[in-house]
Amino acid sequence: MIFKGFGTKCVHAGEGNDPHRAHTMPIYRTSTFTFENAEHAVRSFSGSPGYIYIRSPPYTPTHSAFIEKICSLESGQAGLTFSSGLAAETALALSQLRKGDHLLCGNVIYGGTYALFSSILPKFGVEVSFIDMTNSKVLRSELRNNTKMVFLESPMNPTMAICDIQEICTIAKEAGAVSAVDNTFASPYFQRPLELGADFVVESCTKYIGGHSDLLGGVVVGSNSLIKSMRRTTIETGGAMGPDEAWLCLRGLKTLHLRMERHAFNAQKLAEFLEGHSEVKRVIYPGLESHPQHDSAKRQMAGYSGMLAFELKGGIEECMKLMNAVQLCTLAVSLGSTDTLIEHPATMTHAVMPSEFRQKVGISDSLLRISVGIEDVEDIISDLDQALEKV
């Protein structure tokens with residue numbers, strides 16, 4: 001049966017395939033699978049479909065169910081799972097790039113991705129440029145004959161800037177480069193980059209897909225041919241997702257549509273409150289008309305998700321006072337959890353970036369990032385209100 005509604009896909013896609021008719025897909029906690037006979041083993045290692053070993057796609061039936069569900073939600077044909085979002089990005093980069101190739105990446109990016117692209121890839125002869133992806137003229141001017149991949153986040157982490165995904169992917173395709181979009185901040189509920197022309201979509205399953213801060217994982221989704229091009233690298237780099245994590249992703253996705261609605265509702269209300277507070281210099285949330293790319297966000301997103309950033313009128317000292325004063329909000333990195341998380345990018349998630357680079361791209365010392373949870377929004381606002389009084 002073809003499921004049309006997103007919520008129905010969240011609940012039912014990938015389910016009901018267990019041979020023992022288990023209502024909930026079991027965790028296939030096994031590292032290897034047996035063969036019927038020697039001939040079956042030979043066929044399996046020659047490319048016949050089937051389960052062989054947990055490091056090799058399709059991994060286990062638990063993984064297969066998760067991949068079917070996430071592909072349904074992302075509008076993709078195939079996918080690969082990984083032990084983390086960074087493992088997913090590593091396999092993607094190593095499978096698509098060679099010595100002498102050029103990677104164009106947004107200059108506002110998760111700190112771990114920045115470290116991977118700026119420190120690791122150049123050791124293998126890959127040239128990397130970090131550019132302003134919100135400006136298509138800059139993108140066109142930075143393209144080279146050897147540019148083979150364009151990588152971006154939208155919304156960007158942590159400044160919440162918005163890229164025009166469709167325009168960027170069109171430009172990349174015209175230049176003969178593949179495009180990859182990290183969709184972690186939006187989730188497939190609010191944004192589907194593959195429908196906007198992206199070749200690959202990357203998600204950190206640790207965040208909204210899992211949704212409960214109890215797993216580490218990553219996934220890459222795309223066309224059959226492009227995912228196939230990643231298969232050998234995925235197997236040989238060994239960053240496979242475990243079966244327990246695959247099951248937790250399955251569980252998390254069943255309520256993704258419900259959680260994302262509440263995350264976004266709460267974030268909008270909190271952003272509006274912060275925008276009117278005397279201690280706040282500015283609020284950056286795509287759902288606010290004051291956001292510089294608000295119109296772009298409206299075009300390509302069905303909602304604005306649960307991530308926001310804001311700058312205090314003070315600096316690091318004031319940020320520390322606020323973070324030490326919150327009582328409901330949790331002082332922690334990561335995002336997408338049911339509870340509200342607050343962090344200071346300059347000294348935490350993006351500390352790996354040189355200070356001058358951070359300042360240049362808008363990650364100031366006074367910037368705070370909030371992953372707005374699904375609590376009652378009045379309690380979240382009350383907590384930030386009392387904490388701001390102590391700044």
# chains A, B, ... in the order shown; residues from 1 in each chain; ligands from 1
>>> residues_around(residues="stretch 156-158 of chain A", least_positions_apart="3", cutoff="9 Å", atoms="only C-alpha atoms", output="ChimeraX atom specification")
/A:106,108-111,152-153,161-163,182,185,307-309,345,349-350,363,367-369
>>> residues_around(residues="stretch 229-242 of chain A", least_positions_apart="2", cutoff="6 Å", atoms="only C-alpha atoms", output="ChimeraX atom specification")
/A:55-56,81-83,87,91,95,226-227,244-245
>>> write_last_selection(atoms="C-alpha atoms", output="mmCIF file, in the first residue's frame")
data_model
loop_
_atom_site.group_PDB
_atom_site.id
_atom_site.type_symbol
_atom_site.label_atom_id
_atom_site.label_comp_id
_atom_site.auth_asym_id
_atom_site.auth_seq_id
_atom_site.Cartn_x
_atom_site.Cartn_y
_atom_site.Cartn_z
ATOM 1 C CA ARG A 55 28.786 -3.930 8.667
ATOM 2 C CA SER A 56 27.525 -4.560 5.134
ATOM 3 C CA THR A 81 23.013 4.112 7.999
ATOM 4 C CA PHE A 82 26.032 5.089 10.084
ATOM 5 C CA SER A 83 27.289 5.180 13.657
ATOM 6 C CA ALA A 87 30.520 9.003 10.064
ATOM 7 C CA ALA A 91 31.691 8.122 4.004
ATOM 8 C CA SER A 95 33.097 8.090 -1.746
ATOM 9 C CA LEU A 226 24.228 7.545 -5.954
ATOM 10 C CA ILE A 227 23.757 5.484 -2.815
ATOM 11 C CA ASP A 244 19.749 -1.032 18.803
ATOM 12 C CA GLU A 245 20.249 2.426 17.340
#
>>> atom_distance(atom1="atom CA of A:Asp385", atom2="atom CA of A:Glu261")
23.4 Å
>>> select_by_dssp(residues="stretch 138-219 of chain A", states="strand (DSSP E)", output="list of chain:residue names")
A:Thr147, A:Lys148, A:Met149, A:Val150, A:Phe151, A:Leu152, A:Glu153, A:Val178, A:Ser179, A:Ala180, A:Val181, A:Asp182, A:Phe200, A:Val201, A:Val202, A:Glu203, A:Ser204, A:Gly218, A:Val219
>>> select_by_dssp(residues="stretch 61-193 of chain A", states="helix (DSSP H, G or I)", output="PyMOL selection string")
chain A and resi 61-74+85-96+111-124+136-142+165-174+187-190+193
>>> residues_around(residues="A:Gly176", least_positions_apart="4", cutoff="12 Å", atoms="only C-alpha atoms", output="PyMOL selection string")
chain A and resi 102+143-150+169-172+199
>>> closest_atom_pairs(of="stretch 50-101 of chain A", to="stretch 202-209 of chain A", cutoff="12 Å", atoms="only C-alpha atoms", output="JSON lines")
{"residue": "A:Phe66", "atom": "CA", "partner": "A:Ile209", "partner_atom": "CA", "distance": 10.6}
{"residue": "A:Ile67", "atom": "CA", "partner": "A:Cys205", "partner_atom": "CA", "distance": 11.7}
{"residue": "A:Lys69", "atom": "CA", "partner": "A:Ile209", "partner_atom": "CA", "distance": 11.1}
{"residue": "A:Ile70", "atom": "CA", "partner": "A:Ile209", "partner_atom": "CA", "distance": 9.0}
{"residue": "A:Cys71", "atom": "CA", "partner": "A:Val202", "partner_atom": "CA", "distance": 11.5}
{"residue": "A:Leu73", "atom": "CA", "partner": "A:Ile209", "partner_atom": "CA", "distance": 10.9}
{"residue": "A:Glu74", "atom": "CA", "partner": "A:Val202", "partner_atom": "CA", "distance": 10.1}
{"residue": "A:Gly76", "atom": "CA", "partner": "A:Val202", "partner_atom": "CA", "distance": 11.4}
{"residue": "A:Gly79", "atom": "CA", "partner": "A:Val202", "partner_atom": "CA", "distance": 9.8}
{"residue": "A:Leu80", "atom": "CA", "partner": "A:Val202", "partner_atom": "CA", "distance": 9.9}
{"residue": "A:Thr81", "atom": "CA", "partner": "A:Cys205", "partner_atom": "CA", "distance": 9.2}
{"residue": "A:Phe82", "atom": "CA", "partner": "A:Cys205", "partner_atom": "CA", "distance": 9.1}
{"residue": "A:Ser83", "atom": "CA", "partner": "A:Cys205", "partner_atom": "CA", "distance": 9.3}
{"residue": "A:Ser84", "atom": "CA", "partner": "A:Ser204", "partner_atom": "CA", "distance": 6.6}
{"residue": "A:Gly85", "atom": "CA", "partner": "A:Ser204", "partner_atom": "CA", "distance": 4.2}
{"residue": "A:Leu86", "atom": "CA", "partner": "A:Ser204", "partner_atom": "CA", "distance": 7.8}
{"residue": "A:Ala87", "atom": "CA", "partner": "A:Ser204", "partner_atom": "CA", "distance": 9.5}
{"residue": "A:Ala88", "atom": "CA", "partner": "A:Val202", "partner_atom": "CA", "distance": 7.2}
{"residue": "A:Glu89", "atom": "CA", "partner": "A:Val202", "partner_atom": "CA", "distance": 7.3}
{"residue": "A:Thr90", "atom": "CA", "partner": "A:Val202", "partner_atom": "CA", "distance": 11.0}
{"residue": "A:Ala91", "atom": "CA", "partner": "A:Val202", "partner_atom": "CA", "distance": 11.0}
{"residue": "A:Leu92", "atom": "CA", "partner": "A:Val202", "partner_atom": "CA", "distance": 9.0}
{"residue": "A:Ala93", "atom": "CA", "partner": "A:Val202", "partner_atom": "CA", "distance": 11.5}
>>> closest_atom_pairs(of="stretch 249-269 of chain A", to="stretch 321-342 of chain A", cutoff="9 Å", atoms="only C-alpha atoms", output="JSON lines")
{"residue": "A:Arg259", "atom": "CA", "partner": "A:Thr338", "partner_atom": "CA", "distance": 7.9}
{"residue": "A:Met260", "atom": "CA", "partner": "A:Gly336", "partner_atom": "CA", "distance": 9.0}
{"residue": "A:His263", "atom": "CA", "partner": "A:Thr338", "partner_atom": "CA", "distance": 8.4}
>>> atom_distance(atom1="atom CA of A:Glu195", atom2="atom CA of A:Ile168")
13.2 Å
>>> closest_residue(among="A:Gln96, A:Asn266, A:Pro243, A:Gly211", to="A:Ser179", atoms="only C-alpha atoms")
A:Gln96
>>> closest_residue(among="A:Val377, A:Val372, A:Leu388, A:Ile27", to="A:Thr62", atoms="only C-alpha atoms")
A:Ile27
